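For reference, work12.cif is printed below; it contains mmCIF, C-alpha atoms; chains and numbers go by the auth columns.
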```
data_run
loop_
_atom_site.group_PDB
_atom_site.id
_atom_site.type_symbol
_atom_site.label_atom_id
_atom_site.label_comp_id
_atom_site.label_asym_id
_atom_site.label_seq_id
_atom_site.Cartn_x
_atom_site.Cartn_y
_atom_site.Cartn_z
_atom_site.B_iso_or_equiv
_atom_site.auth_seq_id
_atom_site.auth_asym_id
ATOM 1 C CA MET A 1 -4.555 8.549 3.301 0.00 1 A
ATOM 2 C CA SER A 2 -1.307 8.148 5.077 0.00 2 A
ATOM 3 C CA ARG A 3 0.019 5.870 7.765 0.00 3 A
ATOM 4 C CA ASP A 4 -1.321 8.217 10.444 0.00 4 A
ATOM 5 C CA TRP A 5 -4.094 10.316 8.902 0.00 5 A
ATOM 6 C CA LEU A 6 -7.225 10.266 6.771 0.00 6 A
ATOM 7 C CA ASP A 7 -7.641 13.705 5.222 0.00 7 A
ATOM 8 C CA GLY A 8 -10.864 14.447 3.407 0.00 8 A
ATOM 9 C CA PHE A 9 -12.580 17.111 1.374 0.00 9 A
ATOM 10 C CA CYS A 10 -16.224 17.189 0.256 0.00 10 A
ATOM 11 C CA PRO A 11 -16.762 19.691 -2.573 0.00 11 A
ATOM 12 C CA PRO A 12 -20.348 20.942 -2.268 0.00 12 A
ATOM 13 C CA GLU A 13 -19.877 22.371 1.216 0.00 13 A
ATOM 14 C CA LYS A 14 -16.082 22.545 0.931 0.00 14 A
ATOM 15 C CA GLN A 15 -15.999 20.496 4.115 0.00 15 A
ATOM 16 C CA ARG A 16 -12.546 19.409 5.259 0.00 16 A
ATOM 17 C CA PHE A 17 -11.791 16.783 7.869 0.00 17 A
ATOM 18 C CA ARG A 18 -8.849 14.917 9.349 0.00 18 A
ATOM 19 C CA PHE A 19 -9.105 11.696 11.317 0.00 19 A
ATOM 20 C CA GLN A 20 -6.503 9.311 12.597 0.00 20 A
ATOM 21 C CA ASN A 21 -5.965 6.291 10.354 0.00 21 A
ATOM 22 C CA SER A 22 -7.240 3.964 13.073 0.00 22 A
ATOM 23 C CA PRO A 23 -10.427 2.007 13.765 0.00 23 A
ATOM 24 C CA ASP A 24 -11.893 5.064 15.517 0.00 24 A
ATOM 25 C CA GLY A 25 -10.928 7.317 12.594 0.00 25 A
ATOM 26 C CA HIS A 26 -12.438 4.824 10.132 0.00 26 A
ATOM 27 C CA THR A 27 -15.709 4.886 12.103 0.00 27 A
ATOM 28 C CA ARG A 28 -15.786 8.682 12.027 0.00 28 A
ATOM 29 C CA LEU A 29 -15.100 8.687 8.267 0.00 29 A
ATOM 30 C CA LEU A 30 -17.878 6.179 7.662 0.00 30 A
ATOM 31 C CA GLU A 31 -20.306 8.331 9.650 0.00 31 A
ATOM 32 C CA ILE A 32 -19.574 11.292 7.378 0.00 32 A
ATOM 33 C CA LEU A 33 -19.803 9.211 4.199 0.00 33 A
ATOM 34 C CA GLN A 34 -23.137 7.646 5.214 0.00 34 A
ATOM 35 C CA GLY A 35 -24.624 11.144 5.313 0.00 35 A
ATOM 36 C CA MET A 36 -23.541 11.912 1.755 0.00 36 A
ATOM 37 C CA PRO A 37 -25.885 11.779 -1.251 0.00 37 A
ATOM 38 C CA ASP A 38 -26.247 8.640 -3.357 0.00 38 A
ATOM 39 C CA GLY A 39 -23.784 8.254 -6.211 0.00 39 A
ATOM 40 C CA LEU A 40 -20.867 9.329 -4.060 0.00 40 A
ATOM 41 C CA LYS A 41 -17.448 8.406 -5.439 0.00 41 A
ATOM 42 C CA VAL A 42 -14.530 8.218 -3.030 0.00 42 A
ATOM 43 C CA GLY A 43 -10.983 8.682 -4.299 0.00 43 A
ATOM 44 C CA PHE A 44 -7.724 8.505 -2.457 0.00 44 A
ATOM 45 C CA GLU A 45 -4.012 8.631 -3.110 0.00 45 A
ATOM 46 C CA VAL A 46 -1.815 5.553 -2.885 0.00 46 A
ATOM 47 C CA SER A 47 -0.209 5.304 0.531 0.00 47 A
ATOM 48 C CA GLY A 48 2.043 2.281 0.513 0.00 48 A
ATOM 49 C CA GLY A 49 -0.570 -0.225 1.568 0.00 49 A
ATOM 50 C CA GLN A 50 -2.027 1.860 4.410 0.00 50 A
ATOM 51 C CA GLU A 51 -5.252 2.166 2.443 0.00 51 A
ATOM 52 C CA TRP A 52 -6.216 -1.506 2.106 0.00 52 A
ATOM 53 C CA VAL A 53 -8.243 -1.876 5.327 0.00 53 A
ATOM 54 C CA ILE A 54 -10.426 1.199 4.865 0.00 54 A
ATOM 55 C CA TRP A 55 -10.679 0.553 1.095 0.00 55 A
ATOM 56 C CA ARG A 56 -12.252 -2.861 1.782 0.00 56 A
ATOM 57 C CA VAL A 57 -14.657 -1.315 4.293 0.00 57 A
ATOM 58 C CA LEU A 58 -15.756 1.390 1.841 0.00 58 A
ATOM 59 C CA ILE A 59 -16.330 -1.193 -0.900 0.00 59 A
ATOM 60 C CA SER A 60 -18.313 -3.402 1.499 0.00 60 A
ATOM 61 C CA MET A 61 -20.552 -0.382 2.179 0.00 61 A
ATOM 62 C CA GLY A 62 -21.297 -0.207 -1.538 0.00 62 A
ATOM 63 C CA LEU A 63 -19.330 3.001 -2.073 0.00 63 A
ATOM 64 C CA ASN A 64 -17.655 3.509 -5.431 0.00 64 A
ATOM 65 C CA THR A 65 -14.070 3.827 -4.202 0.00 65 A
ATOM 66 C CA VAL A 66 -10.945 4.168 -6.349 0.00 66 A
ATOM 67 C CA GLN A 67 -7.239 4.580 -5.784 0.00 67 A
ATOM 68 C CA LEU A 68 -5.563 7.398 -7.694 0.00 68 A
ATOM 69 C CA PRO A 69 -1.928 7.579 -8.781 0.00 69 A
ATOM 70 C CA PRO A 70 0.419 9.115 -6.241 0.00 70 A
ATOM 71 C CA ALA A 71 1.259 12.689 -6.972 0.00 71 A
ATOM 72 C CA GLN A 72 1.850 14.263 -3.567 0.00 72 A
ATOM 73 C CA ILE A 73 -1.306 16.298 -4.042 0.00 73 A
ATOM 74 C CA ASN A 74 -3.723 17.513 -1.431 0.00 74 A
ATOM 75 C CA VAL A 75 -7.172 16.146 -0.845 0.00 75 A
ATOM 76 C CA GLU A 76 -8.943 19.106 -2.456 0.00 76 A
ATOM 77 C CA LEU A 77 -6.997 18.645 -5.677 0.00 77 A
ATOM 78 C CA ILE A 78 -7.877 14.921 -5.663 0.00 78 A
ATOM 79 C CA THR A 79 -11.544 15.878 -5.377 0.00 79 A
ATOM 80 C CA CYS A 80 -11.299 18.341 -8.279 0.00 80 A
ATOM 81 C CA PHE A 81 -9.423 15.771 -10.354 0.00 81 A
ATOM 82 C CA MET A 82 -12.180 13.217 -9.761 0.00 82 A
ATOM 83 C CA ALA A 83 -14.868 15.734 -10.715 0.00 83 A
ATOM 84 C CA PHE A 84 -13.261 16.257 -14.130 0.00 84 A
ATOM 85 C CA ARG A 85 -11.990 12.693 -14.694 0.00 85 A
ATOM 86 C CA SER A 86 -14.708 10.524 -13.172 0.00 86 A
ATOM 87 C CA GLU A 87 -13.373 7.429 -14.970 0.00 87 A
ATOM 88 C CA ALA A 88 -9.943 7.782 -13.339 0.00 88 A
ATOM 89 C CA GLY A 89 -8.716 5.589 -10.563 0.00 89 A
ATOM 90 C CA ARG A 90 -8.045 1.960 -9.833 0.00 90 A
ATOM 91 C CA THR A 91 -10.754 -0.168 -8.274 0.00 91 A
ATOM 92 C CA LEU A 92 -10.054 -2.562 -5.404 0.00 92 A
ATOM 93 C CA PRO A 93 -8.527 -5.741 -6.837 0.00 93 A
ATOM 94 C CA ASP A 94 -10.301 -8.976 -5.982 0.00 94 A
ATOM 95 C CA ALA A 95 -8.926 -11.160 -3.181 0.00 95 A
ATOM 96 C CA LYS A 96 -6.864 -13.357 -5.513 0.00 96 A
ATOM 97 C CA LEU A 97 -5.137 -10.355 -7.075 0.00 97 A
ATOM 98 C CA GLN A 98 -4.440 -8.931 -3.615 0.00 98 A
ATOM 99 C CA ILE A 99 -2.760 -12.207 -2.639 0.00 99 A
ATOM 100 C CA LEU A 100 -0.817 -12.278 -5.914 0.00 100 A
ATOM 101 C CA TRP A 101 0.343 -8.704 -5.321 0.00 101 A
ATOM 102 C CA ALA A 102 1.501 -9.559 -1.792 0.00 102 A
ATOM 103 C CA LEU A 103 3.352 -12.663 -2.999 0.00 103 A
ATOM 104 C CA THR A 104 4.983 -10.734 -5.846 0.00 104 A
ATOM 105 C CA VAL A 105 6.198 -8.033 -3.440 0.00 105 A
ATOM 106 C CA HIS A 106 7.471 -10.693 -1.042 0.00 106 A
ATOM 107 C CA ARG A 107 9.337 -12.479 -3.851 0.00 107 A
ATOM 108 C CA ALA A 108 10.974 -9.222 -4.942 0.00 108 A
ATOM 109 C CA GLN A 109 12.121 -8.634 -1.361 0.00 109 A
ATOM 110 C CA MET A 110 13.592 -12.150 -1.183 0.00 110 A
ATOM 111 C CA VAL A 111 15.395 -11.698 -4.513 0.00 111 A
ATOM 112 C CA GLU A 112 16.837 -8.389 -3.283 0.00 112 A
ATOM 113 C CA ALA A 113 17.970 -10.006 -0.012 0.00 113 A
ATOM 114 C CA ARG A 114 19.650 -12.815 -1.965 0.00 114 A
ATOM 115 C CA LYS A 115 21.367 -10.265 -4.193 0.00 115 A
ATOM 116 C CA ARG A 116 22.705 -8.313 -1.176 0.00 116 A
ATOM 117 C CA LEU A 117 23.866 -11.515 0.513 0.00 117 A
ATOM 118 C CA SER A 118 25.692 -12.655 -2.633 0.00 118 A
ATOM 119 C CA ALA A 119 27.440 -9.286 -2.865 0.00 119 A
ATOM 120 C CA GLN A 120 28.504 -9.508 0.803 0.00 120 A
ATOM 121 C CA ILE A 121 29.842 -13.048 0.302 0.00 121 A
ATOM 122 C CA SER A 122 31.789 -11.943 -2.749 0.00 122 A
ATOM 123 C CA ALA A 123 33.214 -8.888 -0.963 0.00 123 A
ATOM 124 C CA ARG A 124 34.348 -10.972 2.016 0.00 124 A
ATOM 125 C CA ARG A 125 36.050 -13.481 -0.263 0.00 125 A
ATOM 126 C CA LYS A 126 37.885 -10.707 -2.140 0.00 126 A
ATOM 127 C CA GLN A 127 38.982 -9.132 1.138 0.00 127 A
ATOM 128 C CA GLY A 128 40.198 -12.432 2.497 0.00 128 A
ATOM 129 C CA VAL A 129 37.950 -12.212 5.553 0.00 129 A
ATOM 130 C CA SER A 130 37.664 -15.310 7.725 0.00 130 A
ATOM 131 C CA ALA A 131 35.476 -18.052 6.327 0.00 131 A
ATOM 132 C CA GLU A 132 33.602 -18.466 9.625 0.00 132 A
ATOM 133 C CA PRO A 133 30.381 -16.850 8.350 0.00 133 A
ATOM 134 C CA GLU A 134 30.431 -19.109 5.245 0.00 134 A
ATOM 135 C CA ASP A 135 28.162 -21.793 6.784 0.00 135 A
ATOM 136 C CA MET A 136 25.644 -19.210 7.975 0.00 136 A
ATOM 137 C CA ASP A 137 25.752 -17.470 4.601 0.00 137 A
ATOM 138 C CA SER A 138 25.265 -20.758 2.750 0.00 138 A
ATOM 139 C CA SER A 139 22.307 -21.673 4.959 0.00 139 A
ATOM 140 C CA LEU A 140 20.732 -18.262 4.542 0.00 140 A
ATOM 141 C CA LYS A 141 21.263 -18.262 0.781 0.00 141 A
ATOM 142 C CA ALA A 142 19.750 -21.769 0.501 0.00 142 A
ATOM 143 C CA PHE A 143 16.759 -20.617 2.580 0.00 143 A
ATOM 144 C CA LEU A 144 16.231 -17.536 0.382 0.00 144 A
ATOM 145 C CA GLU A 145 16.481 -19.633 -2.773 0.00 145 A
ATOM 146 C CA SER A 146 13.942 -22.145 -1.450 0.00 146 A
ATOM 147 C CA GLN A 147 11.537 -19.318 -0.525 0.00 147 A
ATOM 148 C CA ILE A 148 11.933 -17.701 -3.959 0.00 148 A
ATOM 149 C CA SER A 149 11.323 -21.063 -5.621 0.00 149 A
ATOM 150 C CA GLU A 150 8.231 -21.661 -3.476 0.00 150 A
ATOM 151 C CA LEU A 151 6.877 -18.206 -4.292 0.00 151 A
ATOM 152 C CA GLU A 152 7.459 -18.742 -7.994 0.00 152 A
#
```
Please rewrite the model in this file as structure tokens.
Amino acid sequence: MSRDWLDGFCPPEKQRFRFQNSPDGHTRLLEILQGMPDGLKVGFEVSGGQEWVIWRVLISMGLNTVQLPPAQINVELITCFMAFRSEAGRTLPDAKLQILWALTVHRAQMVEARKRLSAQISARRKQGVSAEPEDMDSSLKAFLESQISELE
């Protein structure tokens, strides 16, 4: 999976397919998967969050679906990997863990923004730049700190 594409490979027939990562592409993928034999296991490579929507749909269909570690590998290699390591892959976290993950990522982003802002404030002070942005910086820093505190 990627932001734009769903690439697939089905080993028995060596069938390859490529659909857009969109509602229409998801429908086309589901049509193919519904025609597969029972016991099907679907594996995919991490794609920066692009996989969450279709992952939930596949799970809701009762398909054993796992996320594999990113390795910049092609879909055929993922299929072969799954054939030899059937226990591999991460299952879809429950809703609470998904929320926790999102909050943790958001907190890390806020901490990074606060760090960059602090460095900019320090650099301006060392350079003797006008203090005019000080009030805006203070407000922004206070906002970031309150958001970090709330997330914690």
Give me the residues near segment 127-137 of chain A as a ChimeraX atom specification, where near means some atom within 12 Å (using only C-alpha atoms) and where sequence neighbours in that chain fewer than 5 positions away do not count. /A:113-114,116-122,142-144
Quick one, how far is atom CA of Gly43 of chain A from atom CA of Leu63 of chain A?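 According to the coordinates, atom CA of Gly43 of chain A and atom CA of Leu63 of chain A are separated by 10.3 Å.
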Residues within 9 Å of segment 44-54 of chain A, all atoms listed in the file, excluding chain neighbours under 2 positions, as a list in words: Met1, Ser2, Arg3, Asp4, Gly8, Asn21, Pro23, His26, Val42, Arg56, Val57, Leu58, Ile59, Thr65, Val66, Gln67, Leu68, Pro69, Pro70, Ala71, Gln72, Ile73, Val75, Ile78, Thr79, Gly89 and Leu92 of chain A
Pick from A:Ala83, A:Leu140, A:Leu97, A:Val111, whichever lies nearest to Cys10 of chain A using all atoms listed in the file: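 Counting all atoms listed in the file, the residue closest to Cys10 of chain A is A:Ala83.
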Point-to-point distance in Å for atom CA of Trp5 of chain A and atom CA of Arg18 of chain A: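 The value is 6.6 Å.
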Report the residues retrieved by the PyMOL selection byres ((chain A and resi 149-152) around 9) from the displayed file, expressed as a list in words. Leu103, Thr104, His106, Arg107, Leu144, Glu145, Ser146, Gln147 and Ile148 of chain A
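Rounded to one decimal, atom CA of Arg85 of chain A and atom CA of Gln34 of chain A lie 23.4 Å from each other.
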Return segment 137-148 of chain A, completed with all heavy atoms, as a tab-separated table (two decimals), in the frame of the given file.
```tsv
chain	number	residue	atom	x	y	z
A	137	ASP	N	26.11	-18.06	5.89
A	137	ASP	CA	25.75	-17.47	4.60
A	137	ASP	C	25.15	-18.51	3.67
A	137	ASP	O	24.15	-18.26	3.00
A	137	ASP	CB	26.98	-16.83	3.94
A	137	ASP	CG	27.43	-15.56	4.63
A	137	ASP	OD1	26.64	-14.99	5.41
A	137	ASP	OD2	28.57	-15.14	4.40
A	138	SER	N	25.76	-19.69	3.62
A	138	SER	CA	25.26	-20.76	2.75
A	138	SER	C	23.86	-21.18	3.16
A	138	SER	O	22.99	-21.37	2.31
A	138	SER	CB	26.20	-21.97	2.79
A	138	SER	OG	27.45	-21.63	2.26
A	139	SER	N	23.64	-21.30	4.46
A	139	SER	CA	22.31	-21.67	4.96
A	139	SER	C	21.27	-20.61	4.62
A	139	SER	O	20.16	-20.92	4.18
A	139	SER	CB	22.34	-21.88	6.47
A	139	SER	OG	23.15	-22.96	6.81
A	140	LEU	N	21.66	-19.35	4.83
A	140	LEU	CA	20.73	-18.26	4.54
A	140	LEU	C	20.43	-18.18	3.05
A	140	LEU	O	19.28	-18.03	2.64
A	140	LEU	CB	21.30	-16.93	5.05
A	140	LEU	CG	20.42	-15.70	4.82
A	140	LEU	CD1	19.03	-15.89	5.40
A	140	LEU	CD2	21.09	-14.47	5.42
A	141	LYS	N	21.46	-18.32	2.23
A	141	LYS	CA	21.26	-18.26	0.78
A	141	LYS	C	20.37	-19.41	0.32
A	141	LYS	O	19.47	-19.22	-0.50
A	141	LYS	CB	22.60	-18.29	0.05
A	141	LYS	CG	22.48	-17.98	-1.43
A	141	LYS	CD	23.83	-17.79	-2.07
A	141	LYS	CE	23.66	-17.45	-3.53
A	141	LYS	NZ	24.93	-17.34	-4.21
A	142	ALA	N	20.59	-20.62	0.85
A	142	ALA	CA	19.75	-21.77	0.50
A	142	ALA	C	18.30	-21.52	0.92
A	142	ALA	O	17.35	-21.85	0.17
A	142	ALA	CB	20.29	-23.04	1.15
A	143	PHE	N	18.11	-20.93	2.11
A	143	PHE	CA	16.76	-20.62	2.58
A	143	PHE	C	16.08	-19.62	1.64
A	143	PHE	O	14.93	-19.81	1.24
A	143	PHE	CB	16.80	-20.06	4.00
A	143	PHE	CG	15.47	-19.56	4.48
A	143	PHE	CD1	14.47	-20.45	4.84
A	143	PHE	CD2	15.22	-18.19	4.55
A	143	PHE	CE1	13.24	-19.98	5.28
A	143	PHE	CE2	13.99	-17.72	4.98
A	143	PHE	CZ	13.00	-18.62	5.34
A	144	LEU	N	16.79	-18.54	1.28
A	144	LEU	CA	16.23	-17.54	0.38
A	144	LEU	C	15.86	-18.16	-0.96
A	144	LEU	O	14.80	-17.89	-1.52
A	144	LEU	CB	17.21	-16.37	0.19
A	144	LEU	CG	17.41	-15.47	1.42
A	144	LEU	CD1	18.57	-14.51	1.18
A	144	LEU	CD2	16.13	-14.71	1.74
A	145	GLU	N	16.76	-18.99	-1.48
A	145	GLU	CA	16.48	-19.63	-2.77
A	145	GLU	C	15.27	-20.55	-2.70
A	145	GLU	O	14.45	-20.59	-3.62
A	145	GLU	CB	17.72	-20.37	-3.27
A	145	GLU	CG	18.80	-19.39	-3.73
A	145	GLU	CD	20.13	-20.03	-4.08
A	145	GLU	OE1	20.31	-21.24	-3.86
A	145	GLU	OE2	20.99	-19.28	-4.57
A	146	SER	N	15.12	-21.26	-1.58
A	146	SER	CA	13.94	-22.14	-1.45
A	146	SER	C	12.66	-21.32	-1.35
A	146	SER	O	11.63	-21.69	-1.91
A	146	SER	CB	14.09	-23.08	-0.24
A	146	SER	OG	13.94	-22.38	0.97
A	147	GLN	N	12.71	-20.18	-0.63
A	147	GLN	CA	11.54	-19.32	-0.52
A	147	GLN	C	11.18	-18.71	-1.88
A	147	GLN	O	10.01	-18.66	-2.24
A	147	GLN	CB	11.80	-18.20	0.49
A	147	GLN	CG	11.90	-18.68	1.92
A	147	GLN	CD	10.55	-19.18	2.42
A	147	GLN	OE1	9.59	-18.42	2.51
A	147	GLN	NE2	10.48	-20.45	2.76
A	148	ILE	N	12.17	-18.27	-2.62
A	148	ILE	CA	11.93	-17.70	-3.96
A	148	ILE	C	11.31	-18.76	-4.85
A	148	ILE	O	10.32	-18.51	-5.55
A	148	ILE	CB	13.24	-17.15	-4.57
A	148	ILE	CG1	13.69	-15.91	-3.79
A	148	ILE	CG2	13.06	-16.82	-6.05
A	148	ILE	CD1	15.12	-15.48	-4.09
```
